[in-house]
Structures are given as structure tokens and as C-alpha cells.
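The file my_file14.cif comes next; it holds mmCIF, C-alpha atoms, pLDDT in the B column; chains and numbers go by the auth columns.
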```
data_run
#
loop_
_atom_site.group_PDB
_atom_site.id
_atom_site.type_symbol
_atom_site.label_atom_id
_atom_site.label_comp_id
_atom_site.label_asym_id
_atom_site.label_seq_id
_atom_site.Cartn_x
_atom_site.Cartn_y
_atom_site.Cartn_z
_atom_site.B_iso_or_equiv
_atom_site.auth_seq_id
_atom_site.auth_asym_id
ATOM 1 C CA TYR A 1 -19.086 44.943 -11.190 97.00 286 P
ATOM 2 C CA LYS A 2 -18.765 41.390 -12.403 97.00 287 P
ATOM 3 C CA LEU A 3 -21.027 38.802 -13.991 97.00 288 P
ATOM 4 C CA VAL A 4 -22.189 35.535 -12.438 97.00 289 P
ATOM 5 C CA HIS A 5 -24.663 32.897 -13.569 96.00 290 P
ATOM 6 C CA TYR A 6 -28.102 33.765 -12.221 97.00 291 P
ATOM 7 C CA GLU A 7 -29.502 30.285 -11.491 95.00 292 P
ATOM 8 C CA LYS A 8 -26.278 28.861 -10.059 94.00 293 P
ATOM 9 C CA ASN A 9 -26.088 31.797 -7.638 95.00 294 P
ATOM 10 C CA ARG A 10 -29.807 32.217 -6.905 96.00 295 P
ATOM 11 C CA GLU A 11 -29.425 31.664 -3.157 96.00 296 P
ATOM 12 C CA GLN A 12 -26.477 34.046 -2.766 96.00 297 P
ATOM 13 C CA LEU A 13 -28.238 36.681 -4.889 97.00 298 P
ATOM 14 C CA GLN A 14 -30.862 37.032 -2.144 97.00 299 P
ATOM 15 C CA GLU A 15 -28.154 38.566 0.049 97.00 300 P
ATOM 16 C CA ILE A 16 -26.475 40.834 -2.484 97.00 301 P
ATOM 17 C CA PRO A 17 -27.594 43.691 -4.725 98.00 302 P
ATOM 18 C CA HIS A 18 -27.758 42.556 -8.331 98.00 303 P
ATOM 19 C CA LEU A 19 -29.322 43.187 -11.702 98.00 304 P
ATOM 20 C CA PRO A 20 -30.470 40.398 -14.037 97.00 305 P
ATOM 21 C CA PHE A 21 -28.835 40.312 -17.483 97.00 306 P
ATOM 22 C CA LEU A 22 -29.856 37.516 -19.889 97.00 307 P
ATOM 23 C CA ASP A 23 -29.098 34.293 -17.943 96.00 308 P
ATOM 24 C CA LEU A 24 -26.566 36.159 -15.805 97.00 309 P
ATOM 25 C CA ALA A 25 -26.572 38.629 -12.932 98.00 310 P
ATOM 26 C CA VAL A 26 -24.516 41.772 -12.492 98.00 311 P
ATOM 27 C CA VAL A 27 -23.091 41.865 -8.960 98.00 312 P
ATOM 28 C CA PHE A 28 -20.886 44.455 -7.336 98.00 313 P
ATOM 29 C CA TYR A 29 -17.613 44.466 -5.451 96.00 314 P
ATOM 30 C CA CYS A 30 -14.964 46.783 -4.043 94.00 315 P
ATOM 31 C CA LEU A 31 -11.563 46.425 -5.649 89.00 316 P
ATOM 32 C CA LEU A 32 -8.733 46.719 -3.156 88.00 317 P
ATOM 33 C CA THR A 33 -5.354 47.270 -4.779 80.00 318 P
ATOM 34 C CA ASP A 34 -1.882 46.901 -3.380 77.00 319 P
ATOM 35 C CA THR A 35 -2.846 44.982 -0.255 77.00 320 P
ATOM 36 C CA PRO A 36 -0.192 42.851 1.492 79.00 321 P
ATOM 37 C CA VAL A 37 -1.477 39.871 -0.518 77.00 322 P
ATOM 38 C CA GLY A 38 -1.840 41.757 -3.811 74.00 323 P
ATOM 39 C CA ASN A 39 -5.208 42.784 -5.196 77.00 324 P
ATOM 40 C CA ALA A 40 -8.361 41.692 -3.441 84.00 325 P
ATOM 41 C CA THR A 41 -12.101 42.103 -3.845 89.00 326 P
ATOM 42 C CA VAL A 42 -14.937 42.474 -1.355 93.00 327 P
ATOM 43 C CA LEU A 43 -18.400 41.480 -2.541 96.00 328 P
ATOM 44 C CA ILE A 44 -21.013 44.114 -1.727 97.00 329 P
ATOM 45 C CA HIS A 45 -24.012 42.846 0.252 98.00 330 P
ATOM 46 C CA ASN A 46 -27.451 44.308 0.876 97.00 331 P
ATOM 47 C CA SER A 47 -26.260 45.264 4.349 97.00 332 P
ATOM 48 C CA HIS A 48 -23.662 47.572 2.781 96.00 333 P
ATOM 49 C CA LEU A 49 -26.361 49.409 0.860 96.00 334 P
ATOM 50 C CA GLU A 50 -28.421 49.767 4.018 96.00 335 P
ATOM 51 C CA LEU A 51 -25.406 51.185 5.862 96.00 336 P
ATOM 52 C CA TRP A 52 -24.664 53.592 2.993 96.00 337 P
ATOM 53 C CA ARG A 53 -28.370 54.449 2.573 97.00 338 P
ATOM 54 C CA ARG A 54 -28.138 53.760 -1.156 96.00 339 P
ATOM 55 C CA ASN A 55 -29.944 51.521 -3.623 97.00 340 P
ATOM 56 C CA THR A 56 -28.943 49.159 -6.420 97.00 341 P
ATOM 57 C CA ALA A 57 -29.553 51.780 -9.123 97.00 342 P
ATOM 58 C CA TRP A 58 -27.036 54.126 -7.458 97.00 343 P
ATOM 59 C CA LEU A 59 -24.565 51.263 -7.062 97.00 344 P
ATOM 60 C CA TYR A 60 -24.918 50.277 -10.722 97.00 345 P
ATOM 61 C CA GLU A 61 -24.259 53.834 -11.946 97.00 346 P
ATOM 62 C CA ALA A 62 -21.143 54.128 -9.768 96.00 347 P
ATOM 63 C CA ALA A 63 -19.880 50.689 -10.811 97.00 348 P
ATOM 64 C CA LYS A 64 -20.626 51.352 -14.490 96.00 349 P
ATOM 65 C CA GLU A 65 -18.380 54.400 -14.435 95.00 350 P
ATOM 66 C CA ASN A 66 -15.656 52.993 -12.184 96.00 351 P
ATOM 67 C CA THR A 67 -15.350 49.527 -13.684 96.00 352 P
ATOM 68 C CA GLN A 68 -14.783 50.731 -17.236 96.00 353 P
ATOM 69 C CA ARG A 69 -12.401 53.478 -16.047 95.00 354 P
ATOM 70 C CA LEU A 70 -10.359 51.347 -13.627 94.00 355 P
ATOM 71 C CA LEU A 71 -10.446 48.105 -15.615 95.00 356 P
ATOM 72 C CA PRO A 72 -10.522 49.077 -19.309 97.00 357 P
ATOM 73 C CA GLU A 73 -11.393 46.431 -21.861 97.00 358 P
ATOM 74 C CA CYS A 74 -8.793 44.499 -23.762 95.00 359 P
ATOM 75 C CA LEU A 75 -9.585 42.653 -27.010 95.00 360 P
ATOM 76 C CA VAL A 76 -6.716 40.512 -28.300 92.00 361 P
ATOM 77 C CA SER A 77 -6.372 37.550 -30.603 89.00 362 P
ATOM 78 C CA MET A 78 -6.174 34.142 -28.972 86.00 363 P
ATOM 79 C CA GLU A 79 -2.623 33.811 -30.327 83.00 364 P
ATOM 80 C CA GLU A 80 -1.594 37.053 -28.599 81.00 365 P
ATOM 81 C CA MET A 81 -3.192 35.936 -25.340 75.00 366 P
ATOM 82 C CA LEU A 82 -1.461 32.531 -25.406 75.00 367 P
ATOM 83 C CA CYS A 83 1.854 34.173 -26.199 74.00 368 P
ATOM 84 C CA GLU A 84 1.423 36.593 -23.286 73.00 369 P
ATOM 85 C CA LEU A 85 0.369 33.862 -20.853 65.00 370 P
ATOM 86 C CA SER A 86 3.336 31.708 -21.827 65.00 371 P
ATOM 87 C CA GLY A 87 5.809 34.554 -21.431 71.00 372 P
ATOM 88 C CA GLY A 88 6.488 34.615 -25.159 67.00 373 P
ATOM 89 C CA GLN A 89 7.215 30.894 -25.318 65.00 374 P
ATOM 90 C CA GLN A 90 3.985 29.899 -27.102 59.00 375 P
ATOM 91 C CA ALA A 91 4.475 29.861 -30.865 54.00 376 P
ATOM 92 C CA THR A 92 1.800 31.823 -32.656 53.00 377 P
ATOM 93 C CA GLU A 93 -0.072 30.139 -35.444 56.00 378 P
ATOM 94 C CA GLY A 94 -1.811 32.150 -38.144 52.00 379 P
ATOM 95 C CA ALA A 95 -4.072 29.360 -39.359 52.00 380 P
ATOM 96 C CA GLY A 96 -7.324 28.163 -37.873 70.00 381 P
ATOM 97 C CA VAL A 97 -10.454 29.823 -36.592 76.00 382 P
ATOM 98 C CA PRO A 98 -9.974 33.523 -35.795 88.00 383 P
ATOM 99 C CA MET A 99 -10.671 33.710 -32.064 92.00 384 P
ATOM 100 C CA TYR A 100 -10.420 36.752 -29.842 94.00 385 P
ATOM 101 C CA VAL A 101 -10.395 37.200 -26.088 95.00 386 P
ATOM 102 C CA LEU A 102 -12.349 40.018 -24.435 97.00 387 P
ATOM 103 C CA THR A 103 -11.251 40.745 -20.877 96.00 388 P
ATOM 104 C CA ASN A 104 -10.129 43.698 -18.789 96.00 389 P
ATOM 105 C CA SER A 105 -6.692 45.126 -18.110 93.00 390 P
ATOM 106 C CA ARG A 106 -6.265 42.947 -14.982 91.00 391 P
ATOM 107 C CA LYS A 107 -7.745 39.816 -16.572 92.00 392 P
ATOM 108 C CA SER A 108 -9.927 39.482 -13.507 92.00 393 P
ATOM 109 C CA PHE A 109 -13.730 39.306 -13.826 95.00 394 P
ATOM 110 C CA GLY A 110 -13.189 40.533 -17.392 96.00 395 P
ATOM 111 C CA ALA A 111 -16.288 38.869 -18.852 97.00 396 P
ATOM 112 C CA ALA A 112 -18.119 41.935 -17.523 97.00 397 P
ATOM 113 C CA CYS A 113 -16.483 43.985 -20.293 97.00 398 P
ATOM 114 C CA LEU A 114 -19.398 43.007 -22.511 95.00 399 P
ATOM 115 C CA LEU A 115 -21.463 45.412 -20.383 97.00 400 P
ATOM 116 C CA TYR A 116 -19.166 48.360 -21.075 97.00 401 P
ATOM 117 C CA GLU A 117 -20.625 51.211 -23.086 95.00 402 P
ATOM 118 C CA GLY A 118 -19.777 50.779 -26.763 95.00 403 P
ATOM 119 C CA VAL A 119 -17.561 47.699 -26.447 97.00 404 P
ATOM 120 C CA LEU A 120 -19.793 45.277 -28.350 97.00 405 P
ATOM 121 C CA GLY A 121 -20.145 47.822 -31.143 95.00 406 P
ATOM 122 C CA LYS A 122 -16.354 48.277 -31.301 95.00 407 P
ATOM 123 C CA CYS A 123 -15.952 44.516 -31.662 95.00 408 P
ATOM 124 C CA LEU A 124 -18.514 44.543 -34.482 94.00 409 P
ATOM 125 C CA GLU A 125 -16.515 47.251 -36.244 93.00 410 P
ATOM 126 C CA ARG A 126 -13.268 45.340 -35.772 92.00 411 P
ATOM 127 C CA PHE A 127 -14.700 42.104 -37.181 92.00 412 P
ATOM 128 C CA GLY A 128 -16.851 43.788 -39.811 93.00 413 P
ATOM 129 C CA GLU A 129 -19.556 41.194 -39.192 95.00 414 P
ATOM 130 C CA ASN A 130 -21.821 39.551 -36.620 95.00 415 P
ATOM 131 C CA TYR A 131 -20.110 37.436 -33.997 96.00 416 P
ATOM 132 C CA TYR A 132 -20.569 34.828 -31.275 96.00 417 P
ATOM 133 C CA LEU A 133 -19.477 35.220 -27.656 97.00 418 P
ATOM 134 C CA LEU A 134 -18.494 32.135 -25.677 96.00 419 P
ATOM 135 C CA PRO A 135 -18.143 32.494 -21.902 95.00 420 P
ATOM 136 C CA SER A 136 -14.690 31.116 -21.205 92.00 421 P
ATOM 137 C CA SER A 137 -15.027 31.952 -17.498 95.00 422 P
ATOM 138 C CA VAL A 138 -15.985 34.873 -15.278 96.00 423 P
ATOM 139 C CA HIS A 139 -12.655 36.347 -16.395 96.00 424 P
ATOM 140 C CA GLU A 140 -13.062 36.473 -20.166 96.00 425 P
ATOM 141 C CA MET A 141 -15.246 35.923 -23.205 96.00 426 P
ATOM 142 C CA ILE A 142 -14.090 34.311 -26.439 96.00 427 P
ATOM 143 C CA LEU A 143 -15.368 36.034 -29.571 96.00 428 P
ATOM 144 C CA LEU A 144 -15.670 34.381 -32.977 95.00 429 P
ATOM 145 C CA PRO A 145 -16.733 36.095 -36.201 94.00 430 P
ATOM 146 C CA ALA A 146 -19.917 34.449 -37.510 94.00 431 P
ATOM 147 C CA SER A 147 -18.291 33.580 -40.849 92.00 432 P
ATOM 148 C CA ALA A 148 -15.742 31.407 -39.019 90.00 433 P
ATOM 149 C CA VAL A 149 -18.449 29.190 -37.499 88.00 434 P
ATOM 150 C CA GLY A 150 -19.789 26.330 -39.611 84.00 435 P
ATOM 151 C CA ASP A 151 -22.383 24.887 -37.227 84.00 436 P
ATOM 152 C CA SER A 152 -23.288 27.132 -34.317 83.00 437 P
ATOM 153 C CA ARG A 153 -24.802 24.194 -32.403 85.00 438 P
ATOM 154 C CA GLU A 154 -21.304 22.846 -31.887 90.00 439 P
ATOM 155 C CA LEU A 155 -20.405 25.984 -29.945 92.00 440 P
ATOM 156 C CA CYS A 156 -22.800 25.139 -27.123 90.00 441 P
ATOM 157 C CA ALA A 157 -21.323 21.649 -26.795 90.00 442 P
ATOM 158 C CA LEU A 158 -17.830 23.155 -26.804 91.00 443 P
ATOM 159 C CA VAL A 159 -18.698 25.626 -24.026 94.00 444 P
ATOM 160 C CA ARG A 160 -20.234 22.874 -21.881 93.00 445 P
ATOM 161 C CA GLU A 161 -17.232 20.601 -22.378 94.00 446 P
ATOM 162 C CA MET A 162 -14.772 23.367 -21.502 93.00 447 P
ATOM 163 C CA ASN A 163 -16.773 24.287 -18.396 93.00 448 P
ATOM 164 C CA GLN A 164 -16.816 20.671 -17.239 94.00 449 P
ATOM 165 C CA THR A 165 -13.164 19.888 -17.948 94.00 450 P
ATOM 166 C CA GLN A 166 -11.102 23.091 -18.018 93.00 451 P
ATOM 167 C CA VAL A 167 -12.738 25.751 -15.829 94.00 452 P
ATOM 168 C CA ARG A 168 -12.841 25.796 -12.039 94.00 453 P
ATOM 169 C CA GLU A 169 -16.417 25.375 -10.829 91.00 454 P
ATOM 170 C CA THR A 170 -16.299 28.737 -9.043 91.00 455 P
ATOM 171 C CA GLU A 171 -15.214 30.465 -12.276 94.00 456 P
ATOM 172 C CA VAL A 172 -17.818 28.989 -14.659 95.00 457 P
ATOM 173 C CA LEU A 173 -19.942 31.805 -16.046 96.00 458 P
ATOM 174 C CA SER A 174 -22.519 30.076 -18.249 95.00 459 P
ATOM 175 C CA ASP A 175 -23.120 27.182 -20.635 94.00 460 P
ATOM 176 C CA SER A 176 -24.926 29.547 -23.003 95.00 461 P
ATOM 177 C CA VAL A 177 -23.634 30.933 -26.283 96.00 462 P
ATOM 178 C CA TYR A 178 -24.359 34.572 -27.096 96.00 463 P
ATOM 179 C CA TYR A 179 -24.682 36.396 -30.415 96.00 464 P
ATOM 180 C CA TYR A 180 -24.259 40.037 -31.387 97.00 465 P
ATOM 181 C CA SER A 181 -25.548 41.231 -34.730 94.00 466 P
ATOM 182 C CA ARG A 182 -25.331 44.390 -36.759 92.00 467 P
ATOM 183 C CA GLU A 183 -29.107 44.281 -37.292 94.00 468 P
ATOM 184 C CA ASN A 184 -30.213 44.086 -33.635 91.00 469 P
ATOM 185 C CA ARG A 185 -27.240 45.750 -31.911 92.00 470 P
ATOM 186 C CA ARG A 186 -27.925 43.784 -28.745 92.00 471 P
ATOM 187 C CA LEU A 187 -26.596 40.654 -27.126 95.00 472 P
ATOM 188 C CA GLU A 188 -28.836 37.574 -27.367 95.00 473 P
ATOM 189 C CA ILE A 189 -28.682 34.013 -26.114 95.00 474 P
ATOM 190 C CA ILE A 190 -28.557 31.488 -28.947 90.00 475 P
ATOM 191 C CA ASP A 191 -31.205 28.793 -28.486 73.00 476 P
ATOM 192 C CA PHE A 192 -30.360 25.360 -29.889 65.00 477 P
#
```
Write-out of the structure in C-alpha cells:
Amino acid sequence: YKLVHYEKNREQLQEIPHLPFLDLAVVFYCLLTDTPVGNATVLIHNSHLELWRRNTAWLYEAAKENTQRLLPECLVSMEEMLCELSGGQQATEGAGVPMYVLTNSRKSFGAACLLYEGVLGKCLERFGENYYLLPSSVHEMILLPASAVGDSRELCALVREMNQTQVRETEVLSDSVYYYSRENRRLEIIDF
């Protein structure tokens, strides 16, 4: 499965099986590996479920198991990610806000890793504190420990600016900022 913004995809969601999640929707696809053009995906439509004589609940259970197994989560520091993306050319800097990137092993539709069983709790254990999640794109989430954020209202403005200037329109996930706390143990949208 992958995550998309619910409102921005409202029309398309009428044609595809989905589950609402906060301001997002969980949608499903078939992952085709090693095709002549590399990896590819096929979005699953309602017509597929009719043909298979299955429902969305069945599809979700299958995708829940397969997605986490085939595309395991990957949580790395922003410095590590930049170094990897630059082929080792990007100098790492130890100073600044501690930022982490949550994605999957293929770095494709990796924002959905926040749905994986136990992943948000593992991140809480790693940080040792509550944290914010910023949707970088449909491919990844940026995580920031709460103690590293002075004014959380600035995060929403940052996400909007990045979505407008740095992210392809088709890859924008949401303008919302999310929060995960030790007390609630659930993901919430931060209202500003």
C-alpha cells in the first residue's frame, strides 16, 4: 500500500479501494519488479476487487503483511540520507536540528512506513521522546524529536513551502504536521 492525500485525490478514490487515515488515504498497488523498465507499480481499482471477488478488508490485510515484508522500513539521519543520495560526496555535518528520514528499502512510497506495525513505537524508543512527523513526499517522512523544535507552528509553514517549491505536485502527500507521543501512542494531526 501507499499513502495519498484524501481531499486532493477524492475523485480518484471513488474508483479505487481505499481506507481513510487522518487526512490521508491508504491505497493499494501491485509491485512489479525486474520489468524491462525496472520496477513498476499498478494501482488496484475497484474492478480488480470485483474480478477477484474480494473486498477492501481482505486487500488491506494482504497489503499490510506484504508491504512491510517486501519493503521494510528504514530510519536514517538526514546526514546519512544526503550522503547516500550524493554518492558519498555530501559532507556530513553534526550540528543543527536532529532530523531523521523514515522511508522503505526502495525509497518508493515510503511514507506508508508510518502504518507498519510497531514502527512509530520503535522511533519513540530511538528518540527517547515525543516527535513530529513532516510529510516530505509520498516517498518519505521527516521525523524531528520534540525537544529540537522551538515553535511547532513554524513546521506547518515549512511543510507548505517545501511542497510548493521542492516537491513535484504528484508526489505531495500533505501540508499537515503530525505528532506521536509516549502518552497517546497514536499519530495525530497538529492543529495550528
* To do: Please provide as an MDAnalysis selection string all residues within 12 Å of Ala325 in chain P, with the sequence filter that same-chain residues fewer than 2 positions apart are discarded (counting all atoms listed in the file).
  => chainID P and resid 314:323 327:328 391 393:394
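By all atoms listed in the file, and with residues fewer than 6 positions from Leu334 in chain P along its chain excluded, the set lying at most 10 Å from it is Ile301, Pro302, Asn340, Thr341, Trp343 and Leu344 of chain P.
We find CA of Ala310 in chain P and CA of Leu428 in chain P to be spaced 20.2 Å apart.
Here the question is which of P:Met426, P:Leu472, P:Cys408, P:Leu458 gets nearest to Glu292 in chain P using only C-alpha atoms, and that residue is P:Leu458.
The nearest approach to Val452 in chain P among the residues P:Asn324, P:Ser432, P:Ser390, P:Ser422, with all atoms listed in the file taken into account, belongs to P:Ser422.
CA of Ser466 in chain P is found 26.5 Å from CA of His303 in chain P.
Reported to one decimal place, the separation of CA of Ala347 in chain P from CA of Gln299 in chain P is 21.1 Å.
Residues with any atom within 12 Å of Asn448 in chain P, counting all atoms listed in the file and excluding same-chain neighbours fewer than 4 positions away, are Leu419, Pro420, Ser421, Ser422, Val423, Cys441, Ala442, Leu443, Val444, Val452, Arg453, Glu454, Thr455, Glu456, Val457, Leu458, Ser459, Asp460 and Ser461 of chain P.
Once the PyMOL selection byres ((chain P and resi 359-366) around 6) is applied to this file, the selection holds Glu358, Leu367, Cys368, Glu369, Thr377, Met384, Tyr385, Val386, Leu387, Thr388 and Asn389 of chain P.
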